[in-house]
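Chemist: Data: target-v2.csv, CSV, C-alpha atoms.
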chain,number,residue,atom,x,y,z
A,10,MET,CA,-5.4,-24.9,1.1
A,11,LEU,CA,-6.5,-21.8,3.2
A,12,LYS,CA,-7.3,-22.4,6.9
A,13,ILE,CA,-8.6,-19.6,9.1
A,14,ARG,CA,-9.0,-20.5,12.8
A,15,GLN,CA,-10.6,-18.5,15.5
A,16,LEU,CA,-9.7,-15.3,13.7
A,17,THR,CA,-10.4,-12.0,15.5
A,18,VAL,CA,-9.7,-8.7,13.7
A,19,GLU,CA,-9.7,-5.1,14.8
A,20,VAL,CA,-9.8,-1.9,12.8
A,21,GLY,CA,-9.0,1.3,14.6
A,22,GLY,CA,-9.2,-0.4,17.9
A,23,LYS,CA,-12.7,-1.7,17.2
A,24,GLU,CA,-13.3,-5.5,17.0
A,25,ILE,CA,-15.0,-6.3,13.6
A,26,ILE,CA,-14.3,-10.0,13.1
A,27,HIS,CA,-15.1,-12.4,16.0
A,28,ARG,CA,-13.5,-15.8,16.1
A,29,VAL,CA,-14.1,-16.8,12.5
A,30,ASN,CA,-13.3,-20.3,11.1
A,31,LEU,CA,-13.1,-21.0,7.4
A,32,THR,CA,-11.4,-23.5,5.1
A,33,ILE,CA,-10.9,-23.4,1.3
A,34,LYS,CA,-9.4,-26.4,-0.5
A,35,THR,CA,-7.3,-26.1,-3.6
A,36,GLY,CA,-9.5,-26.0,-6.7
A,37,GLU,CA,-12.6,-24.8,-4.8
A,38,THR,CA,-14.5,-21.6,-4.9
A,39,GLU,CA,-16.4,-20.4,-1.8
A,40,VAL,CA,-18.9,-17.5,-1.6
A,41,LEU,CA,-19.3,-15.2,1.5
A,42,PHE,CA,-22.7,-13.6,1.8
A,43,GLY,CA,-23.6,-10.9,4.3
A,44,PRO,CA,-25.4,-7.6,4.7
A,45,ASN,CA,-23.5,-4.3,4.3
A,46,GLY,CA,-21.2,-3.7,7.3
A,47,SER,CA,-21.1,-7.3,8.4
A,48,GLY,CA,-17.3,-7.6,8.2
A,49,LYS,CA,-16.9,-9.4,4.8
A,50,THR,CA,-14.4,-6.9,3.4
A,51,THR,CA,-12.5,-6.8,6.7
A,52,LEU,CA,-12.1,-10.6,6.5
A,53,LEU,CA,-10.7,-10.4,3.0
A,54,ALA,CA,-8.4,-7.5,3.9
A,55,ALA,CA,-7.1,-9.4,6.9
A,56,ILE,CA,-6.3,-12.5,4.7
A,57,MET,CA,-4.5,-10.2,2.3
A,58,GLY,CA,-2.6,-8.5,5.1
A,59,LEU,CA,-3.7,-4.9,4.6
A,60,PRO,CA,-2.0,-2.8,7.3
A,61,LYS,CA,-4.9,-1.3,9.1
A,62,TYR,CA,-6.6,-4.6,9.7
A,63,GLN,CA,-5.0,-6.0,12.9
A,64,VAL,CA,-5.3,-9.7,13.8
A,65,THR,CA,-5.6,-9.8,17.6
A,66,SER,CA,-6.1,-13.6,17.9
A,67,GLY,CA,-6.4,-16.7,15.8
A,68,SER,CA,-4.4,-17.7,12.7
A,69,ILE,CA,-4.4,-17.7,8.9
A,70,THR,CA,-2.6,-20.6,7.3
A,71,PHE,CA,-1.9,-20.8,3.5
A,72,ARG,CA,-0.6,-24.0,2.0
A,73,GLY,CA,0.7,-25.2,5.3
A,74,LYS,CA,2.5,-21.9,6.2
A,75,ASP,CA,1.3,-19.6,9.0
A,76,ILE,CA,1.0,-16.2,7.3
A,77,THR,CA,-0.7,-14.3,10.1
A,78,GLY,CA,2.3,-12.1,10.8
A,79,LEU,CA,3.4,-11.7,7.2
A,80,SER,CA,3.3,-8.4,5.3
A,81,LEU,CA,1.0,-7.7,2.3
A,82,ASP,CA,3.9,-8.0,-0.2
A,83,GLU,CA,5.1,-11.3,1.4
A,84,ARG,CA,1.6,-12.7,1.0
A,85,ALA,CA,1.4,-11.6,-2.6
A,86,ARG,CA,4.6,-13.3,-3.4
A,87,LEU,CA,3.3,-16.5,-1.9
A,88,GLY,CA,0.4,-16.4,-4.4
A,89,ILE,CA,-2.5,-14.4,-2.8
A,90,GLY,CA,-4.2,-11.8,-4.9
A,91,MET,CA,-7.2,-9.5,-4.3
A,92,ALA,CA,-9.6,-7.5,-6.4
A,93,PHE,CA,-11.2,-4.6,-4.5
A,94,GLN,CA,-14.8,-3.5,-4.5
A,95,ARG,CA,-13.6,0.1,-5.0
A,96,PRO,CA,-10.1,0.0,-6.5
A,97,PRO,CA,-8.0,3.1,-6.3
A,98,VAL,CA,-6.9,5.2,-9.3
A,99,VAL,CA,-3.2,5.1,-9.8
A,100,ARG,CA,-2.1,8.3,-11.5
A,101,GLY,CA,1.3,8.3,-13.3
A,102,VAL,CA,1.2,4.5,-13.9
A,103,LYS,CA,0.1,3.2,-17.3
A,104,THR,CA,-2.2,0.2,-17.4
A,105,GLN,CA,0.3,-1.5,-19.7
A,106,ASP,CA,3.1,-1.0,-17.2
A,107,MET,CA,1.0,-2.3,-14.4
A,108,LEU,CA,0.2,-5.5,-16.3
A,109,THR,CA,3.8,-6.0,-17.2
A,110,ALA,CA,4.7,-5.7,-13.5
A,111,CYS,CA,2.0,-8.1,-12.6
A,112,PHE,CA,3.3,-10.7,-15.0
A,113,GLY,CA,6.7,-10.4,-13.2
A,114,LYS,CA,9.4,-12.9,-14.1
A,115,ARG,CA,7.4,-16.1,-13.7
A,116,ARG,CA,6.4,-16.4,-17.3
A,117,GLY,CA,7.9,-15.8,-20.8
A,118,LYS,CA,7.4,-12.6,-22.7
A,119,PRO,CA,4.1,-11.2,-21.3
A,120,ASP,CA,1.3,-11.0,-23.9
A,121,VAL,CA,-0.2,-7.8,-22.6
A,122,ILE,CA,-2.2,-7.2,-25.8
A,123,GLN,CA,-3.9,-10.6,-25.7
A,124,LEU,CA,-4.8,-10.2,-22.1
A,125,ALA,CA,-6.2,-6.7,-22.7
A,126,ARG,CA,-8.2,-8.1,-25.7
A,127,GLU,CA,-9.8,-10.8,-23.5
A,128,ALA,CA,-10.9,-8.1,-21.0
A,129,ASN,CA,-12.0,-5.7,-23.9
A,130,LEU,CA,-9.5,-3.1,-22.7
A,131,GLU,CA,-7.1,-2.8,-25.6
A,132,ASP,CA,-7.8,0.9,-25.9
A,133,PHE,CA,-6.9,1.5,-22.2
A,134,LEU,CA,-3.3,0.3,-22.1
A,135,ASP,CA,-1.9,3.8,-22.5
A,136,ARG,CA,-4.2,5.3,-19.8
A,137,ASP,CA,-3.4,5.6,-16.1
A,138,VAL,CA,-4.6,2.7,-14.1
A,139,ASN,CA,-8.4,3.1,-13.4
A,140,TYR,CA,-8.3,6.9,-14.3
A,141,GLN,CA,-11.7,7.9,-15.6
A,142,PHE,CA,-12.7,4.3,-16.1
A,143,SER,CA,-16.4,3.4,-15.8
A,144,GLY,CA,-17.4,0.9,-13.0
A,145,GLY,CA,-17.4,-2.0,-15.4
A,146,GLU,CA,-14.1,-1.0,-16.9
A,147,ILE,CA,-12.5,-0.8,-13.5
A,148,LYS,CA,-13.8,-4.3,-12.6
A,149,ARG,CA,-12.4,-5.7,-15.8
A,150,SER,CA,-9.1,-4.0,-15.2
A,151,GLU,CA,-8.9,-5.7,-11.8
A,152,MET,CA,-9.6,-9.1,-13.3
A,153,MET,CA,-7.0,-8.4,-16.0
A,154,GLN,CA,-4.4,-7.6,-13.4
A,155,LEU,CA,-5.2,-10.8,-11.5
A,156,LEU,CA,-5.0,-12.9,-14.7
A,157,ALA,CA,-1.5,-11.5,-15.2
A,158,GLN,CA,-0.5,-12.4,-11.6
A,159,ARG,CA,-2.1,-15.8,-11.6
A,160,PRO,CA,-2.4,-16.1,-7.8
A,161,GLU,CA,-3.2,-19.4,-6.2
A,162,LEU,CA,-5.7,-17.8,-3.8
A,163,VAL,CA,-8.1,-15.2,-5.4
A,164,LEU,CA,-10.0,-12.9,-3.1
A,165,LEU,CA,-12.8,-11.0,-4.9
A,166,ASP,CA,-14.8,-8.3,-3.2
A,167,GLU,CA,-18.1,-7.8,-4.8
A,168,PRO,CA,-16.9,-8.4,-8.4
A,169,GLY,CA,-20.4,-7.9,-9.8
A,170,SER,CA,-21.4,-4.7,-8.0
A,171,GLY,CA,-22.0,-1.5,-10.0
A,172,VAL,CA,-21.8,-3.1,-13.4
A,173,ASP,CA,-24.3,-3.8,-16.2
A,174,LEU,CA,-25.4,-7.2,-17.6
A,175,VAL,CA,-22.9,-7.1,-20.4
A,176,ASN,CA,-20.0,-6.3,-18.1
A,177,ILE,CA,-20.9,-8.8,-15.4
A,178,ALA,CA,-21.1,-11.6,-18.1
A,179,LEU,CA,-17.6,-10.7,-19.2
A,180,ILE,CA,-16.3,-10.4,-15.7
A,181,GLY,CA,-17.8,-13.8,-15.0
A,182,ARG,CA,-15.9,-15.3,-17.9
A,183,LEU,CA,-12.6,-13.7,-16.7
A,184,ILE,CA,-13.2,-15.1,-13.1
A,185,ASN,CA,-13.8,-18.6,-14.5
A,186,GLU,CA,-10.6,-18.4,-16.5
A,187,LEU,CA,-8.7,-17.1,-13.4
A,188,LEU,CA,-10.2,-20.0,-11.2
A,189,GLU,CA,-9.4,-22.5,-13.9
A,190,LYS,CA,-13.0,-23.6,-14.1
A,191,ASP,CA,-12.4,-25.4,-17.4
A,192,CYS,CA,-10.2,-27.9,-15.6
A,193,PRO,CA,-11.3,-30.8,-13.4
A,194,ILE,CA,-11.2,-29.7,-9.8
A,195,LEU,CA,-8.4,-32.0,-8.9
A,196,GLU,CA,-6.2,-30.5,-11.6
A,197,ARG,CA,-6.7,-26.8,-10.5
A,198,ARG,CA,-4.0,-25.1,-8.5
A,199,CYS,CA,-6.2,-22.0,-7.7
A,200,MET,CA,-8.8,-21.4,-5.1
A,201,GLY,CA,-11.2,-18.5,-4.6
A,202,LEU,CA,-13.3,-16.6,-2.0
A,203,ILE,CA,-15.9,-14.3,-3.4
A,204,ILE,CA,-17.8,-11.7,-1.4
A,205,THR,CA,-21.3,-11.0,-2.7
A,206,HIS,CA,-24.3,-9.1,-1.4
A,207,SER,CA,-26.7,-9.6,-4.2
A,208,GLY,CA,-25.5,-13.0,-5.4
A,209,ASP,CA,-25.8,-12.0,-9.1
A,210,ILE,CA,-22.2,-13.2,-9.8
A,211,LEU,CA,-23.5,-16.8,-9.1
A,212,ASN,CA,-25.3,-16.7,-12.4
A,213,TYR,CA,-21.9,-16.7,-14.1
A,214,VAL,CA,-19.5,-18.4,-11.6
A,215,ASN,CA,-20.1,-21.7,-10.0
A,216,ALA,CA,-19.2,-22.0,-6.3
A,217,ARG,CA,-18.9,-25.1,-4.2
A,218,ASN,CA,-19.9,-23.8,-0.8
A,219,GLY,CA,-21.4,-20.7,0.7
A,220,TYR,CA,-21.0,-18.9,4.1
A,221,VAL,CA,-23.2,-16.3,5.8
A,222,MET,CA,-21.5,-13.6,7.8
A,223,VAL,CA,-23.6,-11.4,10.1
A,224,ASP,CA,-22.1,-9.0,12.7
A,225,GLY,CA,-18.6,-10.2,12.2
A,226,ARG,CA,-19.4,-13.9,12.7
A,227,ILE,CA,-20.0,-16.7,10.3
A,228,ILE,CA,-23.3,-18.1,11.3
A,229,GLY,CA,-24.0,-20.7,8.7
A,230,GLU,CA,-22.8,-22.5,5.6
A,231,GLY,CA,-24.2,-24.7,2.8
A,232,ASP,CA,-25.2,-24.8,-0.8
A,233,PRO,CA,-24.7,-21.2,-2.1
A,234,HIS,CA,-27.8,-21.2,-4.3
A,235,GLU,CA,-29.9,-22.4,-1.4
A,236,ILE,CA,-28.5,-19.8,0.9
A,237,LEU,CA,-29.1,-17.1,-1.7
A,238,LYS,CA,-32.7,-18.3,-2.2
A,239,THR,CA,-33.3,-18.1,1.6
A,240,ILE,CA,-31.8,-14.7,1.9
A,241,ARG,CA,-34.0,-13.4,-0.9
A,242,GLU,CA,-37.0,-14.8,0.8
A,243,VAL,CA,-36.5,-13.8,4.4
A,244,GLY,CA,-33.6,-11.3,4.4
A,245,TYR,CA,-30.5,-11.1,6.5
A,246,GLU,CA,-32.4,-9.9,9.6
A,247,ARG,CA,-33.9,-13.4,9.9
A,248,CYS,CA,-30.4,-14.9,9.8
A,249,ARG,CA,-29.4,-12.5,12.6
A,250,LYS,CA,-32.3,-13.6,14.8
A,251,CYS,CA,-31.6,-17.3,14.1
A,252,ALA,CA,-27.9,-16.7,15.1
A,253,ARG,CA,-29.0,-15.3,18.5
Kindly return the structure encoded in the file as structure tokens.

Modeler:
Amino acid sequence: MLKIRQLTVEVGGKEIIHRVNLTIKTGETEVLFGPNGSGKTTLLAAIMGLPKYQVTSGSITFRGKDITGLSLDERARLGIGMAFQRPPVVRGVKTQDMLTACFGKRRGKPDVIQLAREANLEDFLDRDVNYQFSGGEIKRSEMMQLLAQRPELVLLDEPGSGVDLVNIALIGRLINELLEKDCPILERRCMGLIITHSGDILNYVNARNGYVMVDGRIIGEGDPHEILKTIREVGYERCRKCAR
């Protein structure tokens, strides 16, 4: 279980997240909606422990352990993984070597070829990570790396942005595999938090609950499809006015 309590986060001395509360149970997938610049990515980065995102108050607890002060690599070893909206290019590191490193020592001989086949990236294994990949190829590469890691908490920043219908369908299938959607919820060991602006990913990945973030605050929660319908009808500005 992930528990976030009264979390406040600064970036470059500016407060971006204000006293946020959020809980995700094992086996569940939650969706975070919000306009651009509302603080969604900052929240995920703070959970992941990226260095420039400074928690000034509140706490983050993962499976009963307070991880607020832990480094990024310590959180990754505990089983937290993140796919970025705009992942970096890693020159000098082959995609195959990255996948092998992601598998680590937890499993038997890593089946890199099979994993690449699932993501339709077999021809990319000898290429530098994300170098000259298209938008859809980069997103699939991120999902492929997470499938190799098999984290217990998956943080996905706009997994459907900048990709076409064919790619988003494949990305949706990879996310469902990652989140163990083919298993009954009580048998899953993974949980997920997905950021979305457009909500298109919900056509492919089922979520249990949705949150709305505006101006660095979570101002509502409920059925994600109902939230998305309301946002499409009235926009985020109405949400902002209601919050006031």

Chemist: Which residue out of A:Asn185, A:Asn176, A:Thr109, A:Ser47 has the minimum interatomic distance to Val221 of chain A when only C-alpha atoms are used?

Modeler: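 Counting only C-alpha atoms, the residue closest to Val221 of chain A is A:Ser47.
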
Chemist: Please, what distance in Å, to one decimal, runs between atom CA of Lys148 of chain A and atom CA of Ile56 of chain A?

Modeler: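 Those two atoms sit 20.6 Å apart.
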
Chemist: Residues at most 10 Å from segment 165-171 of chain A, counting all atoms listed in the file, excluding those fewer than 3 positions away in the same chain, as a compact mmCIF listing (two decimals) with C-alpha atoms, keeping the file's coordinate frame?

Modeler:
# COMPACT_ATOMS: atom_id res chain seq x y z
CA VAL A 40 -18.90 -17.50 -1.60
CA LEU A 41 -19.30 -15.20 1.50
CA PHE A 42 -22.70 -13.60 1.80
CA LYS A 49 -16.90 -9.40 4.80
CA THR A 50 -14.40 -6.90 3.40
CA LEU A 53 -10.70 -10.40 3.00
CA ALA A 54 -8.40 -7.50 3.90
CA GLY A 90 -4.20 -11.80 -4.90
CA MET A 91 -7.20 -9.50 -4.30
CA ALA A 92 -9.60 -7.50 -6.40
CA PHE A 93 -11.20 -4.60 -4.50
CA GLN A 94 -14.80 -3.50 -4.50
CA ARG A 95 -13.60 0.10 -5.00
CA SER A 143 -16.40 3.40 -15.80
CA GLY A 144 -17.40 0.90 -13.00
CA GLY A 145 -17.40 -2.00 -15.40
CA LYS A 148 -13.80 -4.30 -12.60
CA ARG A 149 -12.40 -5.70 -15.80
CA GLU A 151 -8.90 -5.70 -11.80
CA MET A 152 -9.60 -9.10 -13.30
CA LEU A 162 -5.70 -17.80 -3.80
CA LEU A 174 -25.40 -7.20 -17.60
CA ASN A 176 -20.00 -6.30 -18.10
CA ILE A 177 -20.90 -8.80 -15.40
CA ALA A 178 -21.10 -11.60 -18.10
CA ILE A 180 -16.30 -10.40 -15.70
CA GLY A 181 -17.80 -13.80 -15.00
CA ILE A 184 -13.20 -15.10 -13.10
CA GLY A 201 -11.20 -18.50 -4.60
CA LEU A 202 -13.30 -16.60 -2.00
CA ILE A 203 -15.90 -14.30 -3.40
CA ILE A 204 -17.80 -11.70 -1.40
CA THR A 205 -21.30 -11.00 -2.70
CA HIS A 206 -24.30 -9.10 -1.40
CA SER A 207 -26.70 -9.60 -4.20
CA GLY A 208 -25.50 -13.00 -5.40
CA ASP A 209 -25.80 -12.00 -9.10
CA ILE A 210 -22.20 -13.20 -9.80
CA LEU A 211 -23.50 -16.80 -9.10
CA TYR A 213 -21.90 -16.70 -14.10

Chemist: For Phe71 of chain A, work out the shell of residues within 8 Å, counting all atoms listed in the file and skipping chain neighbours fewer than 4 positions away, then give it as a PyMOL selection string.

Modeler: chain A and resi 10-12+75-76

Chemist: Limited to C-alpha atoms, could you put the picked residues into a file as a PDB file, in the coordinates of the input?

Modeler:
ATOM      1  CA  MET A  10      -5.400 -24.900   1.100  1.00  0.00           C
ATOM      2  CA  LEU A  11      -6.500 -21.800   3.200  1.00  0.00           C
ATOM      3  CA  LYS A  12      -7.300 -22.400   6.900  1.00  0.00           C
ATOM      4  CA  ASP A  75       1.300 -19.600   9.000  1.00  0.00           C
ATOM      5  CA  ILE A  76       1.000 -16.200   7.300  1.00  0.00           C
TER       6      ILE A  76
END

Chemist: Between atom CA of Glu131 of chain A and atom CA of Glu186 of chain A, measure the distance and give it in Å to one decimal.

Modeler: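 Value for the atom CA of Glu131 of chain A-atom CA of Glu186 of chain A distance: 18.4 Å.
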
Chemist: Compare A:Cys111, A:Leu237, A:Val223, A:Gly67 by their minimum atom-to-atom distance to Leu124 of chain A, counting all atoms listed in the file, and give me the closest one.

Modeler: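 Of A:Cys111, A:Leu237, A:Val223, A:Gly67, the one nearest Leu124 of chain A, counting all atoms listed in the file, is A:Cys111.
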
Chemist: Quick one, how far is atom CA of Glu161 of chain A from atom CA of Asp191 of chain A?

Modeler: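 Atom-to-atom, atom CA of Glu161 of chain A and atom CA of Asp191 of chain A are spaced 15.7 Å apart.
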
Chemist: Mind checking which residues fall within 6 Å of Pro233 of chain A, counting all atoms listed in the file, ignoring those fewer than 2 positions away in the same chain, and posting them as a PyMOL selection string?

Modeler: chain A and resi 218-219+235-236

Chemist: Measuring atom to atom with all atoms listed in the file, identify which of A:Ile25, A:Val18, A:Cys192, A:Leu183 is nearest to Thr65 of chain A.

Modeler: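 Distance minimum relative to Thr65 of chain A lands on A:Val18.
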
Chemist: Using all atoms listed in the file, determine which residues lie at most 9 Å from Gly225 of chain A, disregarding the query and same-chain residues fewer than 4 positions distant; provide the list as an MDAnalysis selection string.

Modeler: chainID A and resid 24:29 46:49 51:52

Chemist: Under the rule that all atoms listed in the file are counted, which of A:Glu39, A:Glu19, A:Asp135, A:Glu242 is the nearest residue to Val64 of chain A?

Modeler: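 Ranked by minimum distance to Val64 of chain A, first place goes to A:Glu19.
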